[in-house]
file start-v3.txt (compact mmCIF, C-alpha atoms)
# COMPACT_ATOMS: atom_id res chain seq x y z
CA MET A 15 0.00 0.00 0.00
CA LYS A 16 1.35 3.39 -0.99
CA LEU A 17 -0.46 6.68 -1.46
CA LYS A 18 -0.03 10.45 -1.38
CA ILE A 19 -2.57 12.56 0.49
CA GLN A 20 -2.94 16.30 0.91
CA LYS A 21 -2.57 17.41 4.54
CA GLU A 22 -6.07 18.94 4.64
CA ALA A 23 -7.74 15.84 3.16
CA ILE A 24 -6.28 13.40 5.71
CA GLN A 25 -6.72 15.86 8.56
CA ASN A 26 -10.44 16.37 7.82
CA ALA A 27 -11.04 12.65 7.34
CA LEU A 28 -9.33 11.75 10.61
CA GLN A 29 -11.06 14.58 12.47
CA SER A 30 -14.42 13.04 11.55
CA ILE A 31 -13.58 9.74 13.28
CA GLN A 32 -11.90 11.00 16.46
CA GLY A 33 -15.16 10.73 18.42
CA ILE A 34 -15.71 7.16 17.23
CA VAL A 35 -12.31 5.49 17.65
CA ASP A 36 -12.04 4.13 21.16
CA LYS A 37 -9.00 5.58 22.94
CA LYS A 38 -9.33 3.71 26.25
CA THR A 39 -10.28 0.36 24.83
CA THR A 40 -9.00 -3.02 25.95
CA MET A 41 -9.19 -3.96 22.24
CA PRO A 42 -6.27 -2.17 20.50
CA ILE A 43 -7.92 -2.58 17.07
CA LEU A 44 -10.67 -0.12 18.10
CA SER A 45 -8.15 2.72 18.43
CA ASN A 46 -7.17 2.08 14.79
CA PHE A 47 -8.98 2.91 11.56
CA LEU A 48 -8.94 0.69 8.50
CA LEU A 49 -7.42 2.30 5.40
CA LYS A 50 -8.39 0.39 2.24
CA VAL A 51 -6.68 1.31 -1.01
CA GLY A 52 -7.97 -0.12 -4.29
CA GLN A 53 -9.02 1.91 -7.32
CA THR A 54 -10.00 4.50 -4.71
CA ALA A 55 -9.12 4.94 -1.03
CA SER A 56 -11.55 4.69 1.88
CA LEU A 57 -11.40 4.64 5.66
CA MET A 58 -13.50 2.91 8.30
CA ALA A 59 -13.68 3.38 12.07
CA THR A 60 -15.82 1.72 14.73
CA ASP A 61 -16.25 1.31 18.49
CA LEU A 62 -18.53 -1.73 17.86
CA ASP A 63 -21.66 0.40 18.48
CA ILE A 64 -21.07 3.19 15.95
CA ALA A 65 -19.21 2.92 12.65
CA LEU A 66 -18.23 5.46 9.99
CA LYS A 67 -17.18 4.62 6.45
CA GLY A 68 -16.15 7.25 3.93
CA PRO A 69 -13.92 8.04 0.93
CA LEU A 70 -10.42 9.48 1.14
CA LYS A 71 -9.14 11.66 -1.69
CA ALA A 72 -5.60 10.48 -2.49
CA GLU A 73 -3.12 9.74 -5.25
CA ILE A 74 -2.85 5.95 -5.26
CA LEU A 75 0.56 4.49 -5.98
CA GLU A 76 0.08 0.91 -4.69
CA GLN A 77 -3.03 -0.92 -3.51
CA GLY A 78 -3.44 -2.60 -0.13
CA ALA A 79 -5.08 -2.27 3.29
CA LEU A 80 -3.89 -1.66 6.84
CA CYS A 81 -5.24 -0.65 10.26
CA ILE A 82 -3.48 2.52 11.46
CA PRO A 83 -3.57 4.26 14.90
CA ALA A 84 -6.13 7.05 14.35
CA ARG A 85 -5.07 9.47 17.07
CA LYS A 86 -1.35 9.40 16.26
CA LEU A 87 -1.79 9.83 12.51
CA PHE A 88 -4.21 12.70 13.17
CA GLU A 89 -1.61 14.41 15.38
CA ILE A 90 1.06 13.90 12.71
CA ALA A 91 -1.19 15.29 9.95
CA ARG A 92 -1.98 18.32 12.10
CA GLU A 93 1.68 19.19 12.72
CA VAL A 94 3.35 18.55 9.32
CA GLU A 95 3.24 21.23 6.65
CA GLY A 96 3.19 19.44 3.30
CA GLU A 97 1.45 16.47 1.71
CA LEU A 98 1.84 13.05 3.34
CA LEU A 99 3.19 9.86 1.76
CA LEU A 100 1.86 6.71 3.46
CA GLU A 101 3.67 3.47 2.73
CA SER A 102 3.04 0.05 4.30
CA GLN A 103 6.07 -1.95 5.38
CA ASP A 104 6.77 -5.43 6.77
CA ASN A 105 4.96 -6.66 9.91
CA ASN A 106 2.11 -4.12 9.54
CA TRP A 107 4.26 -1.04 10.06
CA VAL A 108 3.39 2.11 8.12
CA LYS A 109 5.91 4.78 7.15
CA VAL A 110 4.65 8.37 7.01
CA THR A 111 6.78 10.95 5.20
CA SER A 112 6.15 14.68 4.84
CA GLY A 113 8.95 17.00 3.72
CA LYS A 114 11.98 16.16 5.86
CA SER A 115 9.87 14.49 8.57
CA THR A 116 9.55 10.71 8.77
CA PHE A 117 7.39 8.71 11.18
CA LYS A 118 6.84 5.00 11.63
CA LEU A 119 3.62 3.72 13.17
CA MET A 120 2.85 0.18 14.25
CA GLY A 121 -0.36 -0.89 12.54
CA LEU A 122 -2.48 -4.04 12.60
CA PRO A 123 -3.58 -6.36 9.78
CA GLU A 124 -6.85 -5.76 7.92
CA GLU A 125 -8.19 -9.14 9.09
CA ASP A 126 -8.26 -7.90 12.73
CA PHE A 127 -10.73 -5.11 11.92
CA PRO A 128 -14.32 -5.90 12.99
CA SER A 129 -16.79 -6.51 10.16
CA LEU A 130 -19.43 -3.78 9.82
CA PRO A 131 -23.15 -4.52 9.37
CA GLU A 132 -24.37 -4.29 5.79
CA VAL A 133 -26.62 -1.34 4.99
CA SER A 134 -30.23 -2.52 4.97
CA LYS A 135 -31.99 -1.15 1.87
CA SER A 136 -35.47 -2.51 2.70
CA GLU A 137 -36.99 0.86 3.71
CA LYS A 138 -35.52 4.31 3.33
CA ILE A 139 -36.46 7.76 4.54
CA ILE A 140 -35.02 10.97 3.06
CA ILE A 141 -34.58 14.15 5.10
CA LYS A 142 -32.67 17.41 4.57
CA ALA A 143 -29.39 17.39 6.51
CA GLU A 144 -30.15 20.83 7.95
CA THR A 145 -33.56 19.67 9.23
CA LEU A 146 -32.10 16.57 10.88
CA LYS A 147 -29.30 18.58 12.52
CA ASP A 148 -31.82 21.10 13.86
CA MET A 149 -34.02 18.32 15.28
CA ILE A 150 -31.05 16.75 17.09
CA GLU A 151 -29.92 20.13 18.51
CA LYS A 152 -33.41 20.87 19.84
CA THR A 153 -33.70 17.58 21.74
CA ILE A 154 -30.30 16.12 22.62
CA TYR A 155 -29.73 18.31 25.69
CA ALA A 156 -32.75 16.64 27.35
CA THR A 157 -31.40 13.07 27.08
CA GLY A 158 -30.05 11.21 30.10
CA GLU A 159 -26.38 10.98 31.07
CA SER A 160 -25.50 7.39 32.03
CA ASP A 161 -29.03 6.96 33.38
CA THR A 162 -29.79 3.54 34.88
CA ARG A 163 -32.97 3.66 32.78
CA TYR A 164 -30.78 3.03 29.75
CA THR A 165 -33.52 3.82 27.19
CA LEU A 166 -33.31 7.48 28.31
CA ASN A 167 -29.62 7.64 27.25
CA GLY A 168 -30.60 8.22 23.64
CA LEU A 169 -32.97 10.03 21.30
CA LEU A 170 -36.23 8.41 20.22
CA PHE A 171 -36.75 8.49 16.45
CA HIS A 172 -40.48 7.99 15.91
CA PHE A 173 -41.73 7.50 12.33
CA ILE A 174 -45.51 7.54 11.85
CA PRO A 175 -46.98 6.67 8.42
CA LYS A 176 -49.67 9.11 7.23
CA LYS A 177 -51.87 9.02 4.11
CA LYS A 178 -49.57 11.13 1.96
CA ASP A 179 -46.31 11.39 3.93
CA ILE A 180 -44.44 10.43 7.12
CA GLU A 181 -44.62 12.27 10.44
CA PHE A 182 -41.13 12.17 12.02
CA LYS A 183 -40.62 13.02 15.69
CA VAL A 184 -37.37 13.23 17.63
CA VAL A 185 -37.75 13.01 21.42
CA GLY A 186 -35.29 13.50 24.28
CA THR A 187 -36.02 13.11 28.01
CA ASP A 188 -34.19 12.37 31.25
CA GLY A 189 -37.34 12.16 33.37
CA HIS A 190 -37.03 15.80 34.56
CA ARG A 191 -37.53 17.53 31.20
CA LEU A 192 -38.76 16.55 27.76
CA SER A 193 -38.21 17.95 24.27
CA VAL A 194 -40.17 16.87 21.19
CA ILE A 195 -39.87 18.19 17.66
CA ALA A 196 -41.97 17.00 14.71
CA VAL A 197 -41.77 17.46 10.93
CA ASN A 198 -43.54 15.90 7.95
CA LEU A 199 -41.39 14.08 5.39
CA GLU A 200 -42.20 13.00 1.85
CA GLY A 201 -42.31 9.26 1.28
CA LYS A 202 -43.95 6.14 2.65
CA ILE A 203 -43.14 3.48 5.22
CA SER A 204 -44.94 0.19 5.81
CA GLU A 205 -45.58 0.67 9.54
CA GLU A 206 -44.96 2.89 12.55
CA LYS A 207 -41.36 2.64 13.76
CA LYS A 208 -39.79 3.63 17.09
CA MET A 209 -36.04 3.39 17.55
CA ILE A 210 -33.67 4.73 20.19
CA LEU A 211 -30.44 6.24 18.84
CA PRO A 212 -27.61 6.35 21.44
CA LYS A 213 -26.59 9.85 22.49
CA LYS A 214 -23.00 9.37 21.27
CA ALA A 215 -24.27 8.35 17.81
CA ALA A 216 -26.56 11.41 17.70
CA ILE A 217 -23.59 13.68 18.54
CA GLU A 218 -21.43 12.08 15.82
CA LEU A 219 -24.29 12.32 13.32
CA LYS A 220 -24.76 16.03 14.08
CA LYS A 221 -21.03 16.63 13.53
CA LEU A 222 -21.08 14.67 10.27
CA ILE A 223 -23.97 16.64 8.72
CA GLU A 224 -22.85 20.07 9.98
CA GLY A 225 -22.83 22.48 7.05
CA ILE A 226 -24.12 19.90 4.53
CA SER A 227 -26.85 21.25 2.24
CA GLU A 228 -28.02 18.01 0.61
CA ASN A 229 -30.25 15.19 1.85
CA VAL A 230 -29.52 12.41 4.32
CA THR A 231 -30.93 8.96 3.53
CA ILE A 232 -31.95 6.90 6.57
CA TYR A 233 -32.08 3.11 6.29
CA ILE A 234 -33.50 1.01 9.12
CA ASP A 235 -33.25 -2.62 10.11
CA LYS A 236 -34.06 -4.50 13.32
CA ASN A 237 -30.93 -3.65 15.33
CA HIS A 238 -29.20 -0.87 13.35
CA ILE A 239 -29.88 2.46 11.72
CA PHE A 240 -27.83 3.81 8.79
CA PHE A 241 -27.37 7.45 7.75
CA SER A 242 -25.91 8.06 4.28
CA THR A 243 -24.82 11.31 2.69
CA ASP A 244 -22.56 11.52 -0.38
CA ASP A 245 -20.30 8.47 -0.03
CA ILE A 246 -20.21 8.57 3.78
CA THR A 247 -22.26 6.15 5.87
CA LEU A 248 -22.70 6.33 9.65
CA THR A 249 -24.03 3.15 11.21
CA SER A 250 -25.32 2.85 14.77
CA ARG A 251 -26.57 0.00 16.89
CA LEU A 252 -29.95 0.86 18.43
CA ILE A 253 -30.67 0.85 22.17
CA GLU A 254 -32.94 -2.07 22.98
CA GLY A 255 -35.96 -1.51 25.19
CA THR A 256 -39.20 0.46 25.36
CA TYR A 257 -39.08 4.24 25.40
CA PRO A 258 -41.47 5.96 27.88
CA ASN A 259 -44.84 7.10 26.51
CA TYR A 260 -43.74 10.70 25.98
CA GLU A 261 -47.16 11.85 24.76
CA GLN A 262 -48.66 11.18 28.20
CA VAL A 263 -46.19 13.60 29.80
CA ILE A 264 -47.22 16.58 27.65
CA PRO A 265 -49.76 18.55 29.72
CA LYS A 266 -53.13 19.55 28.26
CA ASN A 267 -55.72 22.19 29.27
CA HIS A 268 -53.38 24.81 30.71
CA GLU A 269 -55.14 27.38 32.85
CA LYS A 270 -52.28 29.83 33.22
CA LYS A 271 -50.09 31.30 30.49
CA VAL A 272 -47.07 33.62 30.77
CA VAL A 273 -45.48 35.23 27.68
CA ILE A 274 -41.96 36.67 28.08
CA ASP A 275 -39.34 38.19 25.81
CA LYS A 276 -36.93 35.28 25.31
CA MET A 277 -33.57 37.09 25.52
CA THR A 278 -34.65 39.15 28.54
CA PHE A 279 -35.78 35.96 30.25
CA LEU A 280 -32.60 34.04 29.36
CA LYS A 281 -30.23 36.77 30.58
CA ALA A 282 -32.19 37.36 33.81
CA LEU A 283 -32.29 33.63 34.56
CA ARG A 284 -28.54 33.30 33.94
CA ARG A 285 -27.84 36.15 36.37
CA THR A 286 -30.21 34.87 39.04
CA SER A 287 -28.91 31.30 38.85
CA ILE A 288 -25.41 32.50 39.85
CA MET A 289 -26.59 32.51 43.46
CA SER A 290 -28.47 29.20 43.36
CA ARG A 291 -27.26 26.07 45.12
CA GLU A 292 -24.84 24.22 42.86
CA ARG A 293 -26.48 20.84 43.43
CA THR A 294 -30.06 21.86 42.58
CA ASN A 295 -29.67 25.11 40.53
CA ALA A 296 -33.05 26.04 42.02
CA VAL A 297 -34.64 29.37 41.05
CA ARG A 298 -38.10 30.45 42.26
CA PHE A 299 -40.51 32.08 39.81
CA ASP A 300 -43.06 34.42 41.44
CA LEU A 301 -45.89 35.23 39.00
CA GLU A 302 -47.96 38.39 39.37
CA ALA A 303 -50.03 40.38 36.90
CA GLY A 304 -47.66 41.85 34.31
CA LYS A 305 -44.42 40.50 35.73
CA VAL A 306 -42.31 37.53 36.85
CA THR A 307 -39.80 37.80 39.71
CA LEU A 308 -36.87 35.36 39.66
CA ILE A 309 -35.38 34.57 43.09
CA SER A 310 -32.49 32.32 44.12
CA MET A 311 -31.21 31.79 47.66
CA ASN A 312 -28.16 30.02 49.00
CA PRO A 313 -27.60 30.23 52.77
CA ASP A 314 -23.84 29.80 52.27
CA VAL A 315 -23.47 32.52 49.63
CA GLY A 316 -26.40 34.95 49.50
CA GLU A 317 -29.36 35.62 47.24
CA ALA A 318 -30.37 37.15 43.91
CA ARG A 319 -33.64 38.67 42.75
CA GLU A 320 -34.66 40.09 39.37
CA GLU A 321 -37.99 41.30 38.04
CA ILE A 322 -38.94 40.99 34.36
CA ALA A 323 -42.01 42.20 32.47
CA ALA A 324 -44.40 39.48 31.27
CA GLN A 325 -47.87 39.07 29.81
CA TYR A 326 -49.73 37.38 32.67
CA LYS A 327 -53.21 38.02 34.04
CA GLY A 328 -53.74 35.12 36.47
CA ASP A 329 -53.52 34.79 40.24
CA GLN A 330 -50.28 35.21 42.13
CA MET A 331 -48.33 31.96 42.11
CA SER A 332 -44.84 30.59 42.88
CA MET A 333 -42.98 27.68 41.27
CA GLY A 334 -39.40 26.43 41.47
CA TYR A 335 -37.30 25.11 38.58
CA ASN A 336 -33.82 23.82 37.96
CA ALA A 337 -32.46 26.90 36.16
CA ARG A 338 -30.16 24.81 33.94
CA TYR A 339 -33.12 22.88 32.54
CA VAL A 340 -34.97 26.07 31.62
CA LEU A 341 -31.82 27.70 30.19
CA ASP A 342 -31.18 24.66 27.93
CA ILE A 343 -34.68 25.04 26.50
CA LEU A 344 -34.39 28.81 25.96
CA GLN A 345 -31.02 28.38 24.19
CA ALA A 346 -32.50 25.77 21.83
CA MET A 347 -35.56 27.87 20.96
CA GLU A 348 -35.65 30.37 18.13
CA GLY A 349 -37.77 33.49 17.95
CA GLU A 350 -38.31 36.52 20.16
CA THR A 351 -40.86 35.31 22.71
CA VAL A 352 -41.49 32.20 24.78
CA SER A 353 -44.64 31.15 26.62
CA MET A 354 -44.86 29.10 29.80
CA GLU A 355 -48.15 27.24 30.21
CA LEU A 356 -49.04 25.55 33.49
CA GLN A 357 -51.79 24.57 35.93
CA GLU A 358 -50.49 24.05 39.49
CA PRO A 359 -47.12 24.94 41.10
CA LEU A 360 -45.92 21.30 40.93
CA SER A 361 -47.57 20.26 37.67
CA PRO A 362 -45.49 19.88 34.44
CA THR A 363 -44.85 23.20 32.69
CA LEU A 364 -45.04 23.55 28.91
CA LEU A 365 -42.62 25.90 27.12
CA LEU A 366 -43.49 26.96 23.58
CA SER A 367 -42.47 29.60 21.07
CA PRO A 368 -44.67 30.81 18.18
CA GLU A 369 -41.63 30.75 15.86
CA ASN A 370 -40.93 27.06 16.64
CA GLU A 371 -43.78 25.19 15.00
CA GLY A 372 -43.82 21.51 15.99
CA TYR A 373 -41.43 22.06 18.93
CA ILE A 374 -42.68 21.26 22.44
CA CYS A 375 -40.70 21.38 25.69
CA VAL A 376 -41.83 20.23 29.13
CA VAL A 377 -40.02 20.82 32.43
CA MET A 378 -40.96 19.44 35.84
CA PRO A 379 -41.06 22.03 38.66
CA MET A 380 -39.27 21.39 41.96
CA ARG A 381 -39.96 22.30 45.58
CA THR A 382 -38.03 25.39 46.70
call {"tool": "encode", "arguments": {"input": "start-v3.txt", "output": "structure tokens"}}
result
Amino acid sequence: MKLKIQKEAIQNALQSIQGIVDKKTTMPILSNFLLKVGQTASLMATDLDIALKGPLKAEILEQGALCIPARKLFEIAREVEGELLLESQDNNWVKVTSGKSTFKLMGLPEEDFPSLPEVSKSEKIIIKAETLKDMIEKTIYATGESDTRYTLNGLLFHFIPKKKDIEFKVVGTDGHRLSVIAVNLEGKISEEKKMILPKKAAIELKKLIEGISENVTIYIDKNHIFFSTDDITLTSRLIEGTYPNYEQVIPKNHEKKVVIDKMTFLKALRRTSIMSRERTNAVRFDLEAGKVTLISMNPDVGEAREEIAAQYKGDQMSMGYNARYVLDILQAMEGETVSMELQEPLSPTLLLSPENEGYICVVMPMRT
């Protein structure tokens, strides 16, 4: 195997797999990527749950294949200044030359690389890359972090067949807050499908489609989901299990509604939360006609209070929230205003924005 690659081409390709190659693995092969060189060059990386396969633009001098340490070659590509010449040598070593710099890396044979699942072509769904990225951004912050309820550690992709198209919902929840965004897609599927995409895969997918203007094709099979754009394919194993019935959590028949300027609200909440307890991030919301007062108290530090104008005509009322949960929602929302809709101080609160059609957020209040 022998090929010449421009610094930028190898650097960009290796950057795209850094989040996938496993750096702390007990299986050395998972910290390597597979470089295959035939008529064209391609690379593959996997951590056994997520896999990425894509082309590599290079001048091919000799064909072959080798597994190469991903992190080290990325660091080399970042530091050298000219094009790179990669050349396989005996016993799976690879020689890397750039200008007057020479490196030797110990690789592994192609046969050691895990086989990747074949892309299932039975049913496909097409979505704009920008739409998919936006849907992930608006929900991923609400997913669990190493939650023992493992189904919450991912995003639910819910495909619902309609007469003329497909309703597609992406849902994230950790049990304390919930975000749901829905769009209609052209096409048909045979039946309703619910699949849970691991959080890490969702993050890698978002990175992959950042700045891409074309469509992403989604293929689904029983245990895996495949995302294809151009010649790049991201494969992910699905989380097994049943996702909570998210539709039951969304409150109906709200008696009280507060409308606030979003940026004013966000900045005031950031300031007030400075004085909240680190463990709970609790901020109290006091509602009165025409205004909301945000209050945080910490016996060890002090307190903060800020009043903001709001459209509200109901009775006086107080609720407590984890400020970080509300801030995450406000940062994900577009538009100039946000409305909070609720019933009782401890009932789920709905956050909506008129400029975010199909986007629903729910946050559970807390005792303060």
call {"tool": "atom_distance", "arguments": {"input": "start-v3.txt", "atom1": "CA of Lys178 (chain A)", "atom2": "CA of Lys236 (chain A)"}}
result
24.8 Å
call {"tool": "residues_around", "arguments": {"input": "start-v3.txt", "residues": "region 364-378 of chain A", "least_positions_apart": "6", "cutoff": "7 Å", "atoms": "all atoms listed in the file", "output": "number ranges by chain"}}
result
A: 190-197, 264-265, 347-349, 351-356
call {"tool": "closest_residue", "arguments": {"input": "start-v3.txt", "among": "A:Thr243, A:Asn336, A:Asn26, A:Thr157", "to": "Ile217 (chain A)", "atoms": "only C-alpha atoms"}}
result
A:Thr157
call {"tool": "closest_residue", "arguments": {"input": "start-v3.txt", "among": "A:Gly68, A:Gly168, A:Pro175, A:Pro131", "to": "Phe240 (chain A)", "atoms": "only C-alpha atoms"}}
result
A:Pro131
call {"tool": "closest_residue", "arguments": {"input": "start-v3.txt", "among": "A:Ile226, A:Leu360, A:Val340, A:Ile288", "to": "Tyr155 (chain A)", "atoms": "only C-alpha atoms"}}
result
A:Val340
call {"tool": "atom_distance", "arguments": {"input": "start-v3.txt", "atom1": "CA of Gly201 (chain A)", "atom2": "CA of Lys176 (chain A)"}}
result
9.5 Å
call {"tool": "atom_distance", "arguments": {"input": "start-v3.txt", "atom1": "CA of Arg293 (chain A)", "atom2": "CA of Tyr335 (chain A)"}}
result
12.6 Å
call {"tool": "residues_around", "arguments": {"input": "start-v3.txt", "residues": "Leu44 (chain A)", "least_positions_apart": "4", "cutoff": "8 Å", "atoms": "all atoms listed in the file", "output": "number ranges by chain"}}
result
A: 35-37, 39, 59-61, 127
call {"tool": "write_last_selection", "arguments": {"input": "start-v3.txt", "atoms": "C-alpha atoms", "output": "short mmCIF file (atom, residue, chain, number, x, y, z; two decimals), keeping the file's coordinate frame"}}
result
data_model
loop_
_atom_site.label_atom_id
_atom_site.label_comp_id
_atom_site.auth_asym_id
_atom_site.auth_seq_id
_atom_site.Cartn_x
_atom_site.Cartn_y
_atom_site.Cartn_z
CA VAL A 35 -12.31 5.49 17.65
CA ASP A 36 -12.04 4.13 21.16
CA LYS A 37 -9.00 5.58 22.94
CA THR A 39 -10.28 0.36 24.83
CA ALA A 59 -13.68 3.38 12.07
CA THR A 60 -15.82 1.72 14.73
CA ASP A 61 -16.25 1.31 18.49
CA PHE A 127 -10.73 -5.11 11.92
#
call {"tool": "residues_near_point", "arguments": {"input": "start-v3.txt", "point": "(-33.6, 24.8, 35.2)", "cutoff": "12 Å", "atoms": "only C-alpha atoms", "output": "MDAnalysis selection string"}}
result
chainID A and resid 156 190:191 280 283:284 286:287 290:299 308 310 333:345 363 376:380
call {"tool": "residues_around", "arguments": {"input": "start-v3.txt", "residues": "Lys220 (chain A)", "least_positions_apart": "4", "cutoff": "12 Å", "atoms": "only C-alpha atoms", "output": "number ranges by chain"}}
result
A: 30, 33, 143-154, 213-216, 224-226, 230, 241, 248
call {"tool": "residues_around", "arguments": {"input": "start-v3.txt", "residues": "Phe173 (chain A)", "least_positions_apart": "4", "cutoff": "12 Å", "atoms": "only C-alpha atoms", "output": "list in words"}}
result
Glu137, Lys138, Ile139, Ile140, Asp179, Ile180, Glu181, Phe182, Lys183, Val184, Val185, Ala196, Val197, Asn198, Leu199, Glu200, Gly201, Lys202, Ile203, Ser204, Glu205, Glu206, Lys207, Lys208, Met209, Ile210, Ile232 and Ile234 of chain A
call {"tool": "write_last_selection", "arguments": {"input": "start-v3.txt", "atoms": "C-alpha atoms", "output": "PDB file, in the frame of the given file"}}
result
ATOM      1  CA  GLU A 137     -36.990   0.860   3.710  1.00  0.00           C
ATOM      2  CA  LYS A 138     -35.520   4.310   3.330  1.00  0.00           C
ATOM      3  CA  ILE A 139     -36.460   7.760   4.540  1.00  0.00           C
ATOM      4  CA  ILE A 140     -35.020  10.970   3.060  1.00  0.00           C
ATOM      5  CA  ASP A 179     -46.310  11.390   3.930  1.00  0.00           C
ATOM      6  CA  ILE A 180     -44.440  10.430   7.120  1.00  0.00           C
ATOM      7  CA  GLU A 181     -44.620  12.270  10.440  1.00  0.00           C
ATOM      8  CA  PHE A 182     -41.130  12.170  12.020  1.00  0.00           C
ATOM      9  CA  LYS A 183     -40.620  13.020  15.690  1.00  0.00           C
ATOM     10  CA  VAL A 184     -37.370  13.230  17.630  1.00  0.00           C
ATOM     11  CA  VAL A 185     -37.750  13.010  21.420  1.00  0.00           C
ATOM     12  CA  ALA A 196     -41.970  17.000  14.710  1.00  0.00           C
ATOM     13  CA  VAL A 197     -41.770  17.460  10.930  1.00  0.00           C
ATOM     14  CA  ASN A 198     -43.540  15.900   7.950  1.00  0.00           C
ATOM     15  CA  LEU A 199     -41.390  14.080   5.390  1.00  0.00           C
ATOM     16  CA  GLU A 200     -42.200  13.000   1.850  1.00  0.00           C
ATOM     17  CA  GLY A 201     -42.310   9.260   1.280  1.00  0.00           C
ATOM     18  CA  LYS A 202     -43.950   6.140   2.650  1.00  0.00           C
ATOM     19  CA  ILE A 203     -43.140   3.480   5.220  1.00  0.00           C
ATOM     20  CA  SER A 204     -44.940   0.190   5.810  1.00  0.00           C
ATOM     21  CA  GLU A 205     -45.580   0.670   9.540  1.00  0.00           C
ATOM     22  CA  GLU A 206     -44.960   2.890  12.550  1.00  0.00           C
ATOM     23  CA  LYS A 207     -41.360   2.640  13.760  1.00  0.00           C
ATOM     24  CA  LYS A 208     -39.790   3.630  17.090  1.00  0.00           C
ATOM     25  CA  MET A 209     -36.040   3.390  17.550  1.00  0.00           C
ATOM     26  CA  ILE A 210     -33.670   4.730  20.190  1.00  0.00           C
ATOM     27  CA  ILE A 232     -31.950   6.900   6.570  1.00  0.00           C
ATOM     28  CA  ILE A 234     -33.500   1.010   9.120  1.00  0.00           C
TER      29      ILE A 234
END
call {"tool": "residues_around", "arguments": {"input": "start-v3.txt", "residues": "region 77-93 of chain A", "least_positions_apart": "6", "cutoff": "7 Å", "atoms": "all atoms listed in the file", "output": "PyMOL selection string"}}
result
chain A and resi 15-16+21+24-25+28+45-52+121-124
call {"tool": "closest_residue", "arguments": {"input": "start-v3.txt", "among": "A:Leu70, A:Leu170, A:Leu17, A:Leu222", "to": "Ser102 (chain A)", "atoms": "all atoms listed in the file"}}
result
A:Leu17
